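Dumped query.cif below, it's mmCIF, C-alpha atoms:
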```cif
data_structure
loop_
_atom_site.group_PDB
_atom_site.id
_atom_site.type_symbol
_atom_site.label_atom_id
_atom_site.label_comp_id
_atom_site.auth_asym_id
_atom_site.auth_seq_id
_atom_site.Cartn_x
_atom_site.Cartn_y
_atom_site.Cartn_z
ATOM 1 C CA ILE C 1 -16.608 -15.359 -52.438
ATOM 2 C CA THR C 2 -19.988 -15.121 -50.727
ATOM 3 C CA VAL C 3 -18.766 -17.102 -47.694
ATOM 4 C CA GLY C 4 -15.616 -15.002 -47.464
ATOM 5 C CA THR C 5 -17.601 -11.772 -47.657
ATOM 6 C CA PHE C 6 -19.955 -12.966 -44.910
ATOM 7 C CA ILE C 7 -17.064 -13.963 -42.611
ATOM 8 C CA GLY C 8 -15.264 -10.681 -43.258
ATOM 9 C CA TYR C 9 -18.410 -8.662 -42.552
ATOM 10 C CA ASN C 10 -18.962 -10.407 -39.192
ATOM 11 C CA ILE C 11 -15.329 -10.006 -38.183
ATOM 12 C CA GLY C 12 -15.493 -6.314 -38.996
ATOM 13 C CA LEU C 13 -18.792 -5.901 -37.150
ATOM 14 C CA ASN C 14 -17.457 -7.628 -34.040
ATOM 15 C CA TRP C 15 -14.267 -5.596 -34.165
ATOM 16 C CA ARG C 16 -16.227 -2.337 -34.324
ATOM 17 C CA GLN C 17 -18.430 -3.428 -31.426
ATOM 18 C CA THR C 18 -15.393 -4.352 -29.332
ATOM 19 C CA ALA C 19 -13.696 -1.054 -30.134
ATOM 20 C CA LYS C 20 -16.776 0.865 -29.056
ATOM 21 C CA ARG C 21 -16.714 -0.823 -25.662
ATOM 22 C CA ILE C 22 -13.252 0.485 -24.822
ATOM 23 C CA GLN C 23 -13.536 3.299 -22.293
ATOM 24 C CA TYR C 24 -10.877 5.569 -20.882
ATOM 25 C CA MET C 25 -10.232 7.026 -17.453
ATOM 26 C CA ARG C 26 -7.906 9.303 -15.550
ATOM 27 C CA ALA C 27 -5.026 7.783 -13.622
ATOM 28 C CA VAL C 28 -1.872 8.880 -11.791
ATOM 29 C CA ILE C 29 1.047 6.979 -13.257
ATOM 30 C CA CYS C 30 4.810 6.615 -13.113
ATOM 31 C CA HIS C 31 6.069 6.660 -16.709
ATOM 32 C CA HIS C 32 9.817 6.346 -15.954
ATOM 33 C CA TYR C 33 11.727 5.111 -12.913
ATOM 34 C CA VAL C 34 13.356 8.473 -12.162
ATOM 35 C CA GLY C 35 11.679 9.299 -8.844
ATOM 36 C CA ILE C 36 8.667 11.543 -8.419
ATOM 37 C CA GLU C 37 9.725 13.502 -11.524
ATOM 38 C CA GLY C 38 8.382 10.536 -13.473
ATOM 39 C CA VAL C 39 4.832 10.986 -12.152
ATOM 40 C CA SER C 40 2.008 12.429 -14.211
ATOM 41 C CA MET C 41 -1.760 12.283 -14.577
ATOM 42 C CA ILE C 42 -3.230 10.914 -17.793
ATOM 43 C CA ASP C 43 -6.789 10.795 -19.063
ATOM 44 C CA ASP C 44 -6.452 7.993 -21.612
ATOM 45 C CA ALA C 45 -5.791 4.975 -19.396
ATOM 46 C CA GLU C 46 -8.010 2.075 -20.426
ATOM 47 C CA VAL C 47 -10.797 1.206 -17.997
ATOM 48 C CA PRO C 48 -10.130 -2.373 -16.780
ATOM 49 C CA THR C 49 -12.808 -5.040 -17.003
ATOM 50 C CA VAL C 50 -13.569 -8.162 -15.001
ATOM 51 C CA GLN C 51 -11.742 -11.073 -16.644
ATOM 52 C CA LYS C 52 -11.837 -13.743 -13.937
ATOM 53 C CA SER C 53 -14.703 -15.186 -11.936
ATOM 54 C CA ASN C 54 -13.301 -13.972 -8.585
ATOM 55 C CA GLU C 55 -12.668 -10.356 -9.623
ATOM 56 C CA LEU C 56 -14.512 -7.115 -8.864
ATOM 57 C CA LEU C 57 -14.552 -3.858 -10.802
ATOM 58 C CA ILE C 58 -14.531 -0.930 -8.380
ATOM 59 C CA GLN C 59 -15.211 2.721 -9.070
ATOM 60 C CA VAL C 60 -12.631 4.531 -6.961
ATOM 61 C CA LYS C 61 -13.981 7.346 -4.801
ATOM 62 C CA ALA C 62 -10.789 8.145 -2.861
ATOM 63 C CA ALA C 63 -7.197 6.892 -2.819
ATOM 64 C CA SER C 64 -4.240 7.647 -0.569
ATOM 65 C CA VAL C 65 -0.524 8.261 -1.049
ATOM 66 C CA ASN C 66 1.979 6.100 0.832
ATOM 67 C CA PRO C 67 5.799 6.140 1.100
ATOM 68 C CA ILE C 68 5.889 2.936 -0.958
ATOM 69 C CA ASP C 69 4.630 4.954 -3.957
ATOM 70 C CA ALA C 70 7.853 6.989 -3.935
ATOM 71 C CA ARG C 71 9.816 3.736 -3.864
ATOM 72 C CA ILE C 72 7.838 2.414 -6.834
ATOM 73 C CA CYS C 73 8.763 5.579 -8.752
ATOM 74 C CA ASN C 74 12.401 4.544 -8.286
ATOM 75 C CA GLY C 75 11.876 1.010 -9.588
ATOM 76 C CA TYR C 76 10.750 -0.809 -6.453
ATOM 77 C CA SER C 77 9.218 -4.247 -7.120
ATOM 78 C CA THR C 78 9.918 -4.235 -10.873
ATOM 79 C CA ALA C 79 10.918 -7.918 -10.871
ATOM 80 C CA TYR C 80 7.731 -9.059 -9.146
ATOM 81 C CA ARG C 81 5.692 -6.809 -11.439
ATOM 82 C CA LYS C 82 7.065 -8.529 -14.545
ATOM 83 C CA ILE C 83 6.620 -12.021 -13.102
ATOM 84 C CA LEU C 84 3.220 -11.819 -11.433
ATOM 85 C CA ASN C 85 1.333 -9.459 -13.745
ATOM 86 C CA THR C 86 0.032 -9.986 -17.275
ATOM 87 C CA GLY C 87 -0.179 -7.833 -20.374
ATOM 88 C CA LEU C 88 0.503 -4.117 -20.104
ATOM 89 C CA GLN C 89 0.765 -4.263 -16.311
ATOM 90 C CA LYS C 90 4.151 -5.976 -16.553
ATOM 91 C CA ASP C 91 6.016 -2.771 -17.305
ATOM 92 C CA LEU C 92 5.727 1.000 -17.467
ATOM 93 C CA PRO C 93 3.575 2.977 -17.053
ATOM 94 C CA VAL C 94 2.659 1.930 -13.506
ATOM 95 C CA VAL C 95 -0.521 3.189 -11.858
ATOM 96 C CA LEU C 96 0.399 4.417 -8.366
ATOM 97 C CA GLY C 97 -1.518 4.046 -5.094
ATOM 98 C CA ARG C 98 -1.777 1.067 -2.760
ATOM 99 C CA ASP C 99 -5.198 1.553 -1.169
ATOM 100 C CA CYS C 100 -8.546 3.165 -1.886
ATOM 101 C CA SER C 101 -12.266 3.179 -1.190
ATOM 102 C CA GLY C 102 -15.051 2.972 -3.722
ATOM 103 C CA ILE C 103 -18.185 1.288 -5.029
ATOM 104 C CA VAL C 104 -18.477 -2.143 -6.653
ATOM 105 C CA VAL C 105 -19.812 -1.746 -10.205
ATOM 106 C CA ASP C 106 -19.245 -5.246 -11.613
ATOM 107 C CA ILE C 107 -18.425 -8.691 -10.218
ATOM 108 C CA GLY C 108 -17.283 -12.076 -11.491
ATOM 109 C CA GLN C 109 -19.546 -15.112 -11.430
ATOM 110 C CA ARG C 110 -17.905 -16.708 -8.370
ATOM 111 C CA VAL C 111 -17.823 -13.605 -6.159
ATOM 112 C CA VAL C 112 -19.987 -14.386 -3.113
ATOM 113 C CA GLY C 113 -19.126 -11.761 -0.510
ATOM 114 C CA PHE C 114 -20.015 -8.642 -2.483
ATOM 115 C CA ASP C 115 -22.795 -7.260 -4.671
ATOM 116 C CA ILE C 116 -22.928 -4.411 -7.165
ATOM 117 C CA GLY C 117 -23.405 -1.192 -5.234
ATOM 118 C CA ASP C 118 -21.444 -2.276 -2.133
ATOM 119 C CA GLU C 119 -19.185 0.387 -0.660
ATOM 120 C CA VAL C 120 -15.742 -1.109 -0.065
ATOM 121 C CA PHE C 121 -12.104 -0.387 0.698
ATOM 122 C CA LEU C 122 -9.038 -2.339 -0.317
ATOM 123 C CA ALA C 123 -5.263 -2.621 -0.438
ATOM 124 C CA VAL C 124 -3.016 -4.093 -3.118
ATOM 125 C CA PRO C 125 0.642 -5.234 -2.978
ATOM 126 C CA SER C 126 3.464 -3.234 -4.530
ATOM 127 C CA TRP C 127 3.614 -5.278 -7.745
ATOM 128 C CA MET C 128 -0.054 -4.845 -8.708
ATOM 129 C CA SER C 129 -1.578 -2.018 -10.709
ATOM 130 C CA GLY C 130 -2.399 0.769 -8.278
ATOM 131 C CA THR C 131 -5.473 2.520 -6.956
ATOM 132 C CA MET C 132 -4.950 6.092 -8.190
ATOM 133 C CA ALA C 133 -7.346 5.655 -11.077
ATOM 134 C CA GLU C 134 -11.057 6.049 -11.598
ATOM 135 C CA TYR C 135 -11.538 2.275 -11.758
ATOM 136 C CA ILE C 136 -9.614 -0.765 -10.572
ATOM 137 C CA VAL C 137 -10.078 -4.527 -10.909
ATOM 138 C CA VAL C 138 -8.999 -6.701 -7.980
ATOM 139 C CA THR C 139 -9.710 -10.189 -6.697
ATOM 140 C CA GLU C 140 -12.236 -10.642 -3.915
ATOM 141 C CA ASN C 141 -9.622 -11.447 -1.263
ATOM 142 C CA HIS C 142 -8.202 -7.897 -1.452
ATOM 143 C CA VAL C 143 -11.500 -6.211 -0.615
ATOM 144 C CA ALA C 144 -13.563 -5.517 2.517
ATOM 145 C CA LYS C 145 -16.766 -3.584 3.086
ATOM 146 C CA ARG C 146 -16.176 0.028 4.050
ATOM 147 C CA PRO C 147 -17.005 1.200 7.595
ATOM 148 C CA LYS C 148 -20.194 3.236 7.318
ATOM 149 C CA ARG C 149 -19.255 5.633 10.119
ATOM 150 C CA ILE C 150 -16.343 7.203 8.236
ATOM 151 C CA SER C 151 -16.116 8.884 4.850
ATOM 152 C CA PHE C 152 -14.702 7.503 1.618
ATOM 153 C CA GLU C 153 -11.679 9.782 2.093
ATOM 154 C CA ALA C 154 -10.961 8.586 5.623
ATOM 155 C CA SER C 155 -11.461 4.898 4.835
ATOM 156 C CA ALA C 156 -9.133 5.150 1.833
ATOM 157 C CA ASN C 157 -6.242 5.825 4.233
ATOM 158 C CA LEU C 158 -6.766 2.710 6.337
ATOM 159 C CA PRO C 159 -6.223 -0.545 4.403
ATOM 160 C CA TYR C 160 -2.532 -0.436 3.434
ATOM 161 C CA SER C 161 -1.118 1.606 6.311
ATOM 162 C CA GLY C 162 -3.528 0.036 8.793
ATOM 163 C CA CYS C 163 -2.365 -3.484 7.937
ATOM 164 C CA ILE C 164 1.279 -2.442 8.277
ATOM 165 C CA ALA C 165 0.638 -0.722 11.629
ATOM 166 C CA TYR C 166 -1.321 -3.667 13.039
ATOM 167 C CA ASP C 167 1.317 -6.142 11.855
ATOM 168 C CA ALA C 168 4.095 -4.045 13.430
ATOM 169 C CA LEU C 169 2.286 -4.037 16.764
ATOM 170 C CA VAL C 170 0.924 -7.560 16.992
ATOM 171 C CA ASN C 171 3.476 -9.610 15.051
ATOM 172 C CA GLY C 172 6.515 -7.357 15.301
ATOM 173 C CA ALA C 173 6.358 -6.039 18.863
ATOM 174 C CA LYS C 174 3.996 -8.721 20.276
ATOM 175 C CA ILE C 175 1.730 -5.996 21.626
ATOM 176 C CA GLU C 176 -2.001 -6.658 21.837
ATOM 177 C CA GLU C 177 -5.001 -5.054 23.446
ATOM 178 C CA GLY C 178 -4.582 -7.089 26.607
ATOM 179 C CA ASN C 179 -0.901 -6.295 27.297
ATOM 180 C CA ALA C 180 -0.419 -2.705 26.078
ATOM 181 C CA LYS C 181 -1.910 -0.854 29.029
ATOM 182 C CA GLY C 182 0.650 1.162 31.005
ATOM 183 C CA LYS C 183 3.510 0.442 28.592
ATOM 184 C CA ARG C 184 5.613 3.122 26.935
ATOM 185 C CA PHE C 185 6.089 3.417 23.171
ATOM 186 C CA LEU C 186 8.150 5.672 20.932
ATOM 187 C CA ILE C 187 7.137 6.368 17.328
ATOM 188 C CA HIS C 188 9.750 7.958 15.063
ATOM 189 C CA ASN C 189 8.333 9.877 12.065
ATOM 190 C CA SER C 190 4.952 9.683 13.722
ATOM 191 C CA SER C 191 3.250 11.884 11.110
ATOM 192 C CA THR C 192 3.448 9.185 8.413
ATOM 193 C CA PRO C 193 0.229 7.267 7.634
ATOM 194 C CA VAL C 194 1.506 4.261 9.589
ATOM 195 C CA GLY C 195 2.661 6.455 12.481
ATOM 196 C CA CYS C 196 -0.717 8.169 12.808
ATOM 197 C CA ILE C 197 -2.505 4.816 12.976
ATOM 198 C CA LEU C 198 -0.011 3.423 15.494
ATOM 199 C CA ILE C 199 -0.654 6.361 17.827
ATOM 200 C CA GLN C 200 -4.390 5.782 17.803
ATOM 201 C CA ILE C 201 -4.222 2.011 18.295
ATOM 202 C CA ILE C 202 -1.737 2.255 21.163
ATOM 203 C CA LYS C 203 -3.785 4.934 22.913
ATOM 204 C CA LEU C 204 -6.950 2.884 22.418
ATOM 205 C CA TRP C 205 -5.202 -0.042 24.106
ATOM 206 C CA GLY C 206 -4.046 2.095 27.042
ATOM 207 C CA GLY C 207 -0.390 2.683 26.172
ATOM 208 C CA HIS C 208 1.745 5.820 26.541
ATOM 209 C CA VAL C 209 3.038 7.359 23.286
ATOM 210 C CA SER C 210 6.057 9.565 22.704
ATOM 211 C CA ALA C 211 6.068 10.895 19.142
ATOM 212 C CA ILE C 212 8.998 12.209 17.113
ATOM 213 C CA CYS C 213 7.838 14.483 14.300
ATOM 214 C CA LYS C 214 8.405 17.872 12.677
ATOM 215 C CA ILE C 215 7.076 20.838 14.596
ATOM 216 C CA ASP C 216 4.573 21.596 11.822
ATOM 217 C CA ALA C 217 2.874 18.254 12.483
ATOM 218 C CA ALA C 218 2.904 18.514 16.284
ATOM 219 C CA LYS C 219 -0.622 19.870 16.606
ATOM 220 C CA ILE C 220 -2.115 17.013 14.597
ATOM 221 C CA ILE C 221 -0.039 14.381 16.378
ATOM 222 C CA ARG C 222 -1.141 15.762 19.741
ATOM 223 C CA ALA C 223 -4.772 15.664 18.593
ATOM 224 C CA LEU C 224 -4.369 11.995 17.658
ATOM 225 C CA GLY C 225 -3.454 11.257 21.274
ATOM 226 C CA ALA C 226 0.340 11.435 21.619
ATOM 227 C CA ASP C 227 1.426 12.098 25.216
ATOM 228 C CA ASP C 228 4.862 13.578 24.430
ATOM 229 C CA ILE C 229 6.057 15.412 21.328
ATOM 230 C CA ILE C 230 9.736 15.491 20.371
ATOM 231 C CA PRO C 231 10.206 18.002 17.496
ATOM 232 C CA ILE C 232 12.842 16.507 15.248
ATOM 233 C CA ASP C 233 13.652 19.845 13.594
ATOM 234 C CA GLU C 234 13.969 21.890 16.781
ATOM 235 C CA CYS C 235 16.060 19.800 19.164
ATOM 236 C CA ASP C 236 18.799 17.201 19.453
ATOM 237 C CA VAL C 237 16.664 14.047 19.430
ATOM 238 C CA GLU C 238 19.331 11.874 21.058
ATOM 239 C CA LYS C 239 19.760 14.248 23.988
ATOM 240 C CA GLU C 240 16.014 14.768 24.311
ATOM 241 C CA LEU C 241 15.400 11.031 24.496
ATOM 242 C CA GLU C 242 17.832 10.753 27.388
ATOM 243 C CA LEU C 243 15.430 12.892 29.413
ATOM 244 C CA HIS C 244 12.647 10.333 28.943
ATOM 245 C CA ASP C 245 12.214 6.893 30.495
ATOM 246 C CA LYS C 246 13.015 3.941 28.270
ATOM 247 C CA TYR C 247 10.392 2.249 26.111
ATOM 248 C CA HIS C 248 8.753 -1.148 25.787
ATOM 249 C CA GLY C 249 8.499 -0.674 22.043
ATOM 250 C CA ILE C 250 9.987 1.659 19.441
ATOM 251 C CA PHE C 251 8.597 1.994 15.919
ATOM 252 C CA TYR C 252 10.420 3.616 13.016
ATOM 253 C CA THR C 253 7.963 4.567 10.273
ATOM 254 C CA GLY C 254 10.096 6.877 8.125
ATOM 255 C CA ASP C 255 11.820 6.281 4.817
ATOM 256 C CA GLU C 256 15.173 8.036 5.235
ATOM 257 C CA SER C 257 18.395 6.411 6.392
ATOM 258 C CA ILE C 258 19.159 6.857 10.108
ATOM 259 C CA ASP C 259 21.296 5.086 12.692
ATOM 260 C CA PHE C 260 18.880 2.695 14.400
ATOM 261 C CA ARG C 261 21.345 2.222 17.273
ATOM 262 C CA LEU C 262 20.388 5.666 18.598
ATOM 263 C CA LEU C 263 16.806 4.471 18.990
ATOM 264 C CA LYS C 264 17.551 0.972 20.211
ATOM 265 C CA LYS C 265 19.552 2.409 23.133
ATOM 266 C CA ARG C 266 16.262 3.709 24.504
ATOM 267 C CA LEU C 267 14.668 0.266 24.706
ATOM 268 C CA LEU C 268 13.978 -1.528 27.962
ATOM 269 C CA PRO C 269 15.412 -5.049 28.292
ATOM 270 C CA TYR C 270 13.398 -7.369 26.021
ATOM 271 C CA GLY C 271 11.778 -4.331 24.384
ATOM 272 C CA ALA C 272 10.943 -4.523 20.676
ATOM 273 C CA PHE C 273 12.260 -2.374 17.830
ATOM 274 C CA VAL C 274 10.223 -2.494 14.605
ATOM 275 C CA SER C 275 10.845 -0.662 11.333
ATOM 276 C CA THR C 276 7.901 -0.389 8.945
ATOM 277 C CA SER C 277 9.996 1.088 6.138
ATOM 278 C CA PRO C 278 9.782 -1.087 2.977
ATOM 279 C CA GLU C 279 12.745 -3.426 2.783
ATOM 280 C CA ARG C 280 15.052 -3.302 -0.214
ATOM 281 C CA LEU C 281 14.164 -6.056 -2.678
ATOM 282 C CA LEU C 282 17.195 -7.995 -3.880
ATOM 283 C CA SER C 283 15.150 -9.187 -6.850
ATOM 284 C CA ASP C 284 15.150 -5.654 -8.304
ATOM 285 C CA SER C 285 18.935 -5.720 -8.805
ATOM 286 C CA LEU C 286 19.405 -9.236 -10.201
ATOM 287 C CA GLY C 287 20.998 -9.650 -13.613
ATOM 288 C CA PHE C 288 19.576 -11.646 -16.515
ATOM 289 C CA PHE C 289 20.834 -15.085 -15.393
ATOM 290 C CA LEU C 290 19.944 -14.817 -11.690
ATOM 291 C CA GLY C 291 16.780 -12.941 -12.590
ATOM 292 C CA SER C 292 15.668 -15.836 -14.811
ATOM 293 C CA ILE C 293 16.241 -18.319 -11.984
ATOM 294 C CA PHE C 294 14.344 -16.108 -9.555
ATOM 295 C CA SER C 295 11.482 -15.721 -12.036
ATOM 296 C CA ALA C 296 11.223 -19.492 -12.485
ATOM 297 C CA HIS C 297 11.248 -19.991 -8.707
ATOM 298 C CA ILE C 298 8.388 -17.507 -8.173
ATOM 299 C CA ARG C 299 6.325 -18.961 -11.022
ATOM 300 C CA ILE C 300 6.688 -22.516 -9.731
ATOM 301 C CA LYS C 301 5.904 -21.379 -6.195
ATOM 302 C CA SER C 302 2.736 -19.627 -7.356
ATOM 303 C CA LEU C 303 1.479 -22.812 -9.030
ATOM 304 C CA PHE C 304 1.187 -24.545 -5.660
ATOM 305 C CA ARG C 305 -0.794 -21.773 -3.953
#
```
Could you show the structure in this file as structure tokens?
Amino acid sequence: ITVGTFIGYNIGLNWRQTAKRIQYMRAVICHHYVGIEGVSMIDDAEVPTVQKSNELLIQVKAASVNPIDARICNGYSTAYRKILNTGLQKDLPVVLGRDCSGIVVDIGQRVVGFDIGDEVFLAVPSWMSGTMAEYIVVTENHVAKRPKRISFEASANLPYSGCIAYDALVNGAKIEEGNAKGKRFLIHNSSTPVGCILIQIIKLWGGHVSAICKIDAAKIIRALGADDIIPIDECDVEKELELHDKYHGIFYTGDESIDFRLLKKRLLPYGAFVSTSPERLLSDSLGFFLGSIFSAHIRIKSLFR
């Protein structure tokens, strides 16, 4: 009886101590896959903790909204989320946000590139828990030190959209700093996060930018460096484009369905057309049998990485 009482007392003491350590935070979540109507802010999300030796706990100072967040609210990447995540992160609710900036407040034992107190920014893939929360835990490879010359708010907009924009230019259109000068580029939906970054990179590299956007965004797009503005809500875009010379590269950064042939007609021979809109994931519509095969394939593949 004495031994049992002692064991029970210690279990109860440890349980109470563990319970006391649980902290809660605010987060923007999607609680049902019904579009943006399923979004809400909660104040009882559990603060994550470092569980692995290569993880960092980051206090989020600013986070950005991207078109992919709207897709996630409609069920985008649900299959990958169930396969690659653990615990509560496998299913709803899903914390939204793909990039942020913040301060490192805890690190795992094997983290070598960062210290507590470092100011950082980061991006996470669509299947991971998002950045629109007061704290987030990520592995070291997702994080970089924040540029000191820009604010937390500005740097929070760069990681996710910046990677997509750079990939579209360098890998998609084969455009680099050394070969962009004097070339003409068209950016459709140029007021998106990716579009705004594309404008600035192309202008930095010496290219000419024509931007298609709503008239309300024209002033900002012009300030970012666009040479020509084509207001999508005030003219016939197809006819307007016929008045302009053809382009070495055309980028579509929107999320609505349009006929890409109208844009591709304005390409020069050997010009590149790149869409940065998230591709539909076949894995999200697989049934139980095919879904099980796909899940096994991804799990086996991840073992060899």
Practice task
Record the distance separating CA of Ser64 (chain C) and CA of Val94 (chain C), expressed in Å with one decimal.
Solution key: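 Going from CA of Ser64 (chain C) over to CA of Val94 (chain C), I get 15.7 Å.
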Extending 4 Å beyond the listed atoms of region 51-65 of chain C on each side, what axis-aligned box results? I want centre and edge lengths in Å to one decimal, as lines of an AutoDock Vina configuration file.
```
center_x = -7.9
center_y = -3.5
center_z = -8.6
size_x = 22.7
size_y = 31.4
size_z = 24.1
```
Practice task
Please provide as a ChimeraX atom specification all residues within 7 Å of region 211-216 of chain C, with the sequence filter that same-chain residues fewer than 5 positions apart are discarded (counting only C-alpha atoms).
Solution key: /C:186-191,226,228-233
Problem - Selection dump of the PyMOL selection byres ((chain C and resi 168) around 12), as JSON, numbers by chain - result: {"C": [161, 162, 163, 164, 165, 166, 167, 169, 170, 171, 172, 173, 174, 175, 176, 187, 194, 195, 197, 198, 201, 202, 249, 250, 251, 252, 253, 272, 273, 274, 275, 276, 277]}
Practice task
Enumerate, as a list in words, the protein, DNA and RNA residues whose atoms approach (4.3, -7.6, -8.1) to within 7 Å, taking into account only C-alpha atoms and the coordinate frame of the file.
Solution key: Ser77, Tyr80, Arg81, Leu84, Asn85, Pro125, Ser126, Trp127 and Met128 of chain C
Problem - Atom pair CA of Gly225 (chain C) / CA of Pro193 (chain C): separation (Å) - result: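 One can read the CA of Gly225 (chain C) to CA of Pro193 (chain C) distance as 14.7 Å.
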Problem - Selected residue of minimal separation from Lys264 (chain C) among C:Leu224, C:Leu96, C:Tyr247, C:Val237, counting only C-alpha atoms - result: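 Once distances to Lys264 (chain C) are computed over only C-alpha atoms, the minimum belongs to C:Tyr247.
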Exercise for the section: List the residues matched by the PyMOL selection byres ((chain C and resi 32) around 9) in the displayed structure as a list in words, ordered by chain and then by residue number. Expected result: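 Output of the PyMOL selection byres ((chain C and resi 32) around 9): Cys30, His31, Tyr33, Val34, Gly35, Glu37, Gly38, Val39, Cys73, Asn74, Gly75, Leu92, Pro93 and Val94 of chain C.
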Practice task
Rank nothing, just name the residue among C:Leu267, C:Ile68, C:Cys100, C:Ala156 nearest to Thr192 (chain C), using only C-alpha atoms.
Solution key: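 When distances to Thr192 (chain C) are compared using only C-alpha atoms, the smallest one comes from C:Ile68.
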Practice task
Return the single residue from C:Ala217, C:Ile107, C:Gly117, C:Ala62 that is closest to Ser155 (chain C), with distances computed using only C-alpha atoms.
Solution key: C:Ala62
Practice task
Using only C-alpha atoms, determine which residues lie at most 8 Å from region 129-143 of chain C, disregarding the query and same-chain residues fewer than 3 positions distant; provide the list as a PyMOL selection string.
Solution key: chain C and resi 25-29+47-50+54-61+63-64+89+94-100+111+113+120-124
Handout entry: Atomic distance CA of Asp43 (chain C) - CA of Ala79 (chain C), expressed in Å with one decimal
Key = 27.0 Å
As an mmCIF file, in the coordinates of the input, please: region 220-235 of chain C completed to N, CA and C atoms.
```
data_model
loop_
_atom_site.group_PDB
_atom_site.id
_atom_site.type_symbol
_atom_site.label_atom_id
_atom_site.label_comp_id
_atom_site.auth_asym_id
_atom_site.auth_seq_id
_atom_site.Cartn_x
_atom_site.Cartn_y
_atom_site.Cartn_z
ATOM 1 N N ILE C 220 -1.324 18.165 15.039
ATOM 2 C CA ILE C 220 -2.115 17.013 14.597
ATOM 3 C C ILE C 220 -1.769 15.774 15.407
ATOM 4 N N ILE C 221 -0.478 15.559 15.630
ATOM 5 C CA ILE C 221 -0.039 14.381 16.378
ATOM 6 C C ILE C 221 -0.559 14.434 17.810
ATOM 7 N N ARG C 222 -0.580 15.606 18.396
ATOM 8 C CA ARG C 222 -1.141 15.762 19.741
ATOM 9 C C ARG C 222 -2.641 15.457 19.736
ATOM 10 N N ALA C 223 -3.333 15.909 18.693
ATOM 11 C CA ALA C 223 -4.772 15.664 18.593
ATOM 12 C C ALA C 223 -5.081 14.188 18.424
ATOM 13 N N LEU C 224 -4.166 13.435 17.830
ATOM 14 C CA LEU C 224 -4.369 11.995 17.658
ATOM 15 C C LEU C 224 -4.172 11.219 18.960
ATOM 16 N N GLY C 225 -3.567 11.894 19.966
ATOM 17 C CA GLY C 225 -3.454 11.257 21.274
ATOM 18 C C GLY C 225 -2.067 11.124 21.833
ATOM 19 N N ALA C 226 -1.027 11.579 21.120
ATOM 20 C CA ALA C 226 0.340 11.435 21.619
ATOM 21 C C ALA C 226 0.511 12.165 22.949
ATOM 22 N N ASP C 227 1.209 11.517 23.891
ATOM 23 C CA ASP C 227 1.426 12.098 25.216
ATOM 24 C C ASP C 227 2.595 13.077 25.220
ATOM 25 N N ASP C 228 3.674 12.734 24.504
ATOM 26 C CA ASP C 228 4.862 13.578 24.430
ATOM 27 C C ASP C 228 5.208 13.842 22.971
ATOM 28 N N ILE C 229 5.618 15.054 22.679
ATOM 29 C CA ILE C 229 6.057 15.412 21.328
ATOM 30 C C ILE C 229 7.533 15.783 21.377
ATOM 31 N N ILE C 230 8.324 15.150 20.505
ATOM 32 C CA ILE C 230 9.736 15.491 20.371
ATOM 33 C C ILE C 230 9.939 16.051 18.967
ATOM 34 N N PRO C 231 10.092 17.386 18.833
ATOM 35 C CA PRO C 231 10.206 18.002 17.496
ATOM 36 C C PRO C 231 11.573 17.732 16.877
ATOM 37 N N ILE C 232 11.585 16.956 15.837
ATOM 38 C CA ILE C 232 12.842 16.507 15.248
ATOM 39 C C ILE C 232 13.639 17.653 14.641
ATOM 40 N N ASP C 233 12.962 18.735 14.235
ATOM 41 C CA ASP C 233 13.652 19.845 13.594
ATOM 42 C C ASP C 233 13.960 20.998 14.545
ATOM 43 N N GLU C 234 13.710 20.805 15.831
ATOM 44 C CA GLU C 234 13.969 21.890 16.781
ATOM 45 C C GLU C 234 14.784 21.459 18.000
ATOM 46 N N CYS C 235 15.264 20.241 18.020
ATOM 47 C CA CYS C 235 16.060 19.800 19.164
ATOM 48 C C CYS C 235 16.986 18.674 18.754
#
```
